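Visitor: I'd like to ask some things about the structure below.
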Amino acid sequence: MKQAVETKPIKEEASKAIDSKTQQQIKKIIEATEGQAGAPIRVLQKAQGLIGYLPREVLEIIAREMRIPLSEMYGITSFYSFFSMVPKGKYVIQVCLGTSCYVKGGQKIIDTLKKELGLESGGTTADGRFSLQTVRCIGCCGLSPVLAINEDIHRRVKPSRLKDILSSYR
Ligand code: FES
């Protein structure tokens, strides 16, 4: 049974941060997923694809429109590592720590990148250039260890090559 939630008009500050066109797009996404299994996750994924991340205002809009408690939206967003409530960098580095990549040195790659960028996993550099994440298998296990920078897949990566890889995105 659906939990009853208070329906309030979108807060003024939410309206300011997310323009009306974006709000309409979010409403369309919600309509398109109505009744589907896993609808909240799908909506969050599409909203993140639209905006780049999930600011609090967007979670408020989705919770209100889907009549789902806001706390549940926060729960989903914090449970899945692919959701982010903060803006991501221009280049998102995803280091694979799936079994094959882990066995072939994935941990050393993430450790080296953390040191090189001065970041923890999930963080973004102060200049907004790089975000660092870990993921579980990106489907190139035969070429492990693997990392992705946006759409680019870097295969059989060695820690000693990381400086050069990063410099090509600076
Ligand atoms: S385990 Fe890394 S690509 Fe599959």
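Naming works like this for the structure tokens: A, B, ... for the chains as they're shown, residue 1 at the start of each chain, ligands 1 onward in shown order.
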Using only C-alpha atoms and all ligand atoms, which protein or nucleic acid residues are at most 12 Å from ligand 1, as number ranges by chain?
Guide: A: 94-107, 134-148, 153-157
Visitor: Kindly save the residues from that selection, with C-alpha atoms included, as an mmCIF file, in the first residue's frame.
Guide:
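Full text of out.cif as output:
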```cif
data_model
loop_
_atom_site.group_PDB
_atom_site.id
_atom_site.type_symbol
_atom_site.label_atom_id
_atom_site.label_comp_id
_atom_site.auth_asym_id
_atom_site.auth_seq_id
_atom_site.Cartn_x
_atom_site.Cartn_y
_atom_site.Cartn_z
ATOM 1 C CA GLN A 94 35.472 5.032 -13.008
ATOM 2 C CA VAL A 95 37.955 2.501 -11.713
ATOM 3 C CA CYS A 96 36.749 -1.069 -11.972
ATOM 4 C CA LEU A 97 37.085 -3.107 -8.798
ATOM 5 C CA GLY A 98 35.200 -6.126 -10.095
ATOM 6 C CA THR A 99 36.853 -9.487 -9.393
ATOM 7 C CA SER A 100 39.024 -9.677 -12.502
ATOM 8 C CA CYS A 101 40.212 -6.065 -12.254
ATOM 9 C CA TYR A 102 40.745 -6.340 -8.517
ATOM 10 C CA VAL A 103 42.896 -9.445 -8.918
ATOM 11 C CA LYS A 104 44.960 -7.716 -11.609
ATOM 12 C CA GLY A 105 45.697 -4.605 -9.557
ATOM 13 C CA GLY A 106 42.569 -2.434 -9.568
ATOM 14 C CA GLN A 107 43.108 -1.452 -5.943
ATOM 15 C CA THR A 134 34.785 2.849 -8.238
ATOM 16 C CA VAL A 135 32.515 0.476 -10.131
ATOM 17 C CA ARG A 136 31.943 -3.284 -10.252
ATOM 18 C CA CYS A 137 32.736 -4.669 -13.708
ATOM 19 C CA ILE A 138 32.304 -2.630 -16.842
ATOM 20 C CA GLY A 139 32.252 -5.633 -19.120
ATOM 21 C CA CYS A 140 35.888 -5.695 -20.308
ATOM 22 C CA CYS A 141 37.183 -8.323 -17.882
ATOM 23 C CA GLY A 142 39.539 -9.851 -20.465
ATOM 24 C CA LEU A 143 41.391 -6.539 -20.624
ATOM 25 C CA SER A 144 41.643 -5.921 -16.901
ATOM 26 C CA PRO A 145 42.528 -3.870 -15.024
ATOM 27 C CA VAL A 146 40.260 -1.334 -16.638
ATOM 28 C CA LEU A 147 39.204 2.221 -16.008
ATOM 29 C CA ALA A 148 36.785 4.458 -17.859
ATOM 30 C CA ILE A 153 37.855 2.797 -21.786
ATOM 31 C CA HIS A 154 41.506 2.384 -20.767
ATOM 32 C CA ARG A 155 42.581 -1.234 -20.761
ATOM 33 C CA ARG A 156 45.390 -3.126 -19.012
ATOM 34 C CA VAL A 157 46.187 0.004 -17.067
#
```
Visitor: Using only C-alpha atoms, tabulate the residues of region 107-133 of chain A lying at most 10 Å from any atom of region 81-88 of chain A, each with its closest atom pair and that distance in Å to one decimal, by chain and increasing residue number, as JSON lines.
Guide:
```
{"residue": "A:Gly122", "atom": "CA", "partner": "A:Ser81", "partner_atom": "CA", "distance": 8.2}
{"residue": "A:Gly123", "atom": "CA", "partner": "A:Lys88", "partner_atom": "CA", "distance": 8.3}
{"residue": "A:Thr124", "atom": "CA", "partner": "A:Lys88", "partner_atom": "CA", "distance": 6.4}
{"residue": "A:Thr125", "atom": "CA", "partner": "A:Lys88", "partner_atom": "CA", "distance": 9.2}
{"residue": "A:Gly128", "atom": "CA", "partner": "A:Lys88", "partner_atom": "CA", "distance": 7.2}
{"residue": "A:Arg129", "atom": "CA", "partner": "A:Lys88", "partner_atom": "CA", "distance": 8.5}
{"residue": "A:Phe130", "atom": "CA", "partner": "A:Lys88", "partner_atom": "CA", "distance": 7.6}
{"residue": "A:Ser131", "atom": "CA", "partner": "A:Lys88", "partner_atom": "CA", "distance": 5.9}
{"residue": "A:Leu132", "atom": "CA", "partner": "A:Lys88", "partner_atom": "CA", "distance": 9.0}
{"residue": "A:Gln133", "atom": "CA", "partner": "A:Ser81", "partner_atom": "CA", "distance": 8.3}
```
Visitor: Generate the output file for the selected residues, C-alpha atoms, as a compact mmCIF listing (two decimals), in the first residue's frame.
Guide:
```txt
# COMPACT_ATOMS: atom_id res chain seq x y z
CA GLY A 122 33.16 9.75 -4.83
CA GLY A 123 34.97 13.08 -4.74
CA THR A 124 35.51 15.80 -7.31
CA THR A 125 38.61 17.97 -7.72
CA GLY A 128 35.70 20.55 -11.30
CA ARG A 129 37.82 18.65 -13.82
CA PHE A 130 37.82 15.12 -12.38
CA SER A 131 35.45 12.97 -10.35
CA LEU A 132 36.65 9.64 -9.05
CA GLN A 133 34.44 6.58 -8.59
```
Visitor: Using only C-alpha atoms, determine which residues lie at most 8 Å from Ile30 (chain A), disregarding the query and same-chain residues fewer than 3 positions distant; provide the list as a list in words.
Guide: Ile26, Lys27, Thr33, Glu34, Ala39, Val43, Ile62, Glu65 and Met66 of chain A
Visitor: Write the residues of the preceding selection, restricted to N, CA and C atoms, as an mmCIF file, in the first residue's frame.
Guide:
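For reference, again-v9.cif as written:
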```
data_model
loop_
_atom_site.group_PDB
_atom_site.id
_atom_site.type_symbol
_atom_site.label_atom_id
_atom_site.label_comp_id
_atom_site.auth_asym_id
_atom_site.auth_seq_id
_atom_site.Cartn_x
_atom_site.Cartn_y
_atom_site.Cartn_z
ATOM 1 N N ILE A 26 11.092 16.558 -15.986
ATOM 2 C CA ILE A 26 11.077 15.567 -14.901
ATOM 3 C C ILE A 26 9.664 14.971 -14.777
ATOM 4 N N LYS A 27 8.666 15.819 -14.888
ATOM 5 C CA LYS A 27 7.284 15.317 -14.793
ATOM 6 C C LYS A 27 6.987 14.333 -15.928
ATOM 7 N N THR A 33 7.189 6.495 -16.668
ATOM 8 C CA THR A 33 7.563 5.289 -15.911
ATOM 9 C C THR A 33 6.443 4.821 -14.987
ATOM 10 N N GLU A 34 5.309 5.498 -15.040
ATOM 11 C CA GLU A 34 4.212 5.173 -14.122
ATOM 12 C C GLU A 34 3.826 3.698 -14.209
ATOM 13 N N ALA A 39 10.239 1.970 -10.760
ATOM 14 C CA ALA A 39 10.035 3.311 -11.322
ATOM 15 C C ALA A 39 10.870 4.398 -10.630
ATOM 16 N N VAL A 43 13.397 6.794 -12.679
ATOM 17 C CA VAL A 43 13.198 8.253 -12.718
ATOM 18 C C VAL A 43 14.467 8.958 -12.247
ATOM 19 N N ILE A 62 10.640 14.969 -7.337
ATOM 20 C CA ILE A 62 10.300 13.576 -7.659
ATOM 21 C C ILE A 62 9.457 12.962 -6.541
ATOM 22 N N GLU A 65 5.920 14.451 -6.744
ATOM 23 C CA GLU A 65 5.151 14.011 -7.909
ATOM 24 C C GLU A 65 4.813 12.522 -7.849
ATOM 25 N N MET A 66 5.730 11.728 -7.290
ATOM 26 C CA MET A 66 5.493 10.279 -7.233
ATOM 27 C C MET A 66 4.807 9.865 -5.937
#
```
Visitor: Considering only C-alpha atoms, state which residue in the set A:Ile29, A:Ala37, A:Ala126, A:Ile110 is at the smallest distance from Pro159 (chain A).
Guide: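 Nearest to Pro159 (chain A): A:Ile110.
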Visitor: I need the residues of region 79-161 of chain A that end up classed as strand (DSSP E) by DSSP on the backbone, written out as a list in words.
Guide: Tyr91, Val92, Ile93, Gln94, Val95, Cys96, Phe130, Ser131, Leu132, Gln133, Thr134, Val135, Leu147, Ala148, Ile149, Asp152, Ile153 and His154 of chain A
Visitor: Pick out the closest residue to Ile93 (chain A) from this set: A:Leu117, A:Met73, A:Leu50, A:Ile68. Count only C-alpha atoms.
Guide: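 Looking at the shortest contact to Ile93 (chain A), the residue is A:Leu117.
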Visitor: I'd like the neighbourhood of Leu59 (chain A) as a PyMOL selection string, where a residue qualifies if any of its atoms comes within 7 Å (using only C-alpha atoms), though same-chain residues fewer than 4 positions away should be ignored.
Guide: chain A and resi 54-55+63+70+73
Visitor: Just how far from CA of Lys158 (chain A) is CA of Lys108 (chain A), in Å to one decimal?
Guide: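 About the pair CA of Lys108 (chain A) and CA of Lys158 (chain A): they are 8.8 Å apart.
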Visitor: Mind checking which residues fall within 12 Å of Gln25 (chain A), counting only C-alpha atoms, ignoring those fewer than 2 positions away in the same chain, and posting them as a PyMOL selection string?
Guide: chain A and resi 18-23+27-32+43+46-51+58+61-62
Visitor: Just to be explicit: take each residue in the selection above, keep C-alpha atoms, and write the result as a PDB file, in the first residue's frame.
Guide:
```pdb
ATOM      1  CA  ILE A  18      15.516  23.987 -11.373  1.00  0.00           C
ATOM      2  CA  ASP A  19      13.880  25.953 -14.148  1.00  0.00           C
ATOM      3  CA  SER A  20      10.327  25.268 -15.246  1.00  0.00           C
ATOM      4  CA  LYS A  21      11.428  23.536 -18.456  1.00  0.00           C
ATOM      5  CA  THR A  22      13.485  21.052 -16.432  1.00  0.00           C
ATOM      6  CA  GLN A  23      10.595  20.564 -14.009  1.00  0.00           C
ATOM      7  CA  LYS A  27       7.284  15.317 -14.793  1.00  0.00           C
ATOM      8  CA  LYS A  28       7.295  13.719 -18.256  1.00  0.00           C
ATOM      9  CA  ILE A  29       9.902  11.188 -17.107  1.00  0.00           C
ATOM     10  CA  ILE A  30       7.693  10.338 -14.128  1.00  0.00           C
ATOM     11  CA  GLU A  31       4.621   9.929 -16.343  1.00  0.00           C
ATOM     12  CA  ALA A  32       6.537   7.652 -18.726  1.00  0.00           C
ATOM     13  CA  VAL A  43      13.198   8.253 -12.718  1.00  0.00           C
ATOM     14  CA  LYS A  46      16.863   9.712 -16.094  1.00  0.00           C
ATOM     15  CA  ALA A  47      16.754  12.858 -13.976  1.00  0.00           C
ATOM     16  CA  GLN A  48      20.477  12.485 -13.287  1.00  0.00           C
ATOM     17  CA  GLY A  49      21.066  11.999 -17.009  1.00  0.00           C
ATOM     18  CA  LEU A  50      19.163  15.214 -17.642  1.00  0.00           C
ATOM     19  CA  ILE A  51      20.785  17.408 -15.015  1.00  0.00           C
ATOM     20  CA  VAL A  58      15.119  17.438  -7.747  1.00  0.00           C
ATOM     21  CA  ILE A  61      10.119  17.309  -6.945  1.00  0.00           C
ATOM     22  CA  ILE A  62      10.300  13.576  -7.659  1.00  0.00           C
TER      23      ILE A  62
END
```
Visitor: Do you have the CA of Arg42 (chain A)-CA of Thr77 (chain A) distance handy?
Guide: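 Those two atoms sit 11.6 Å apart.
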Visitor: By how many Å are CA of Leu119 (chain A) and CA of Phe79 (chain A) apart?
Guide: 20.6 Å
Visitor: From the set A:Ile109, A:Ile149, A:Ile41, A:Ile165, which residue has the shortest atom-to-atom contact distance to Glu72 (chain A), counting only C-alpha atoms?
Guide: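 Answer, going by the shortest atom-to-atom distance: A:Ile41.
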Visitor: Can you list, as a PyMOL selection string, all residues belonging to chain A that DSSP tags as helix (DSSP H, G or I)?
Guide: chain A and resi 12-17+20-33+39-51+56-66+70-79+99-103+106-117+141-143+159-167
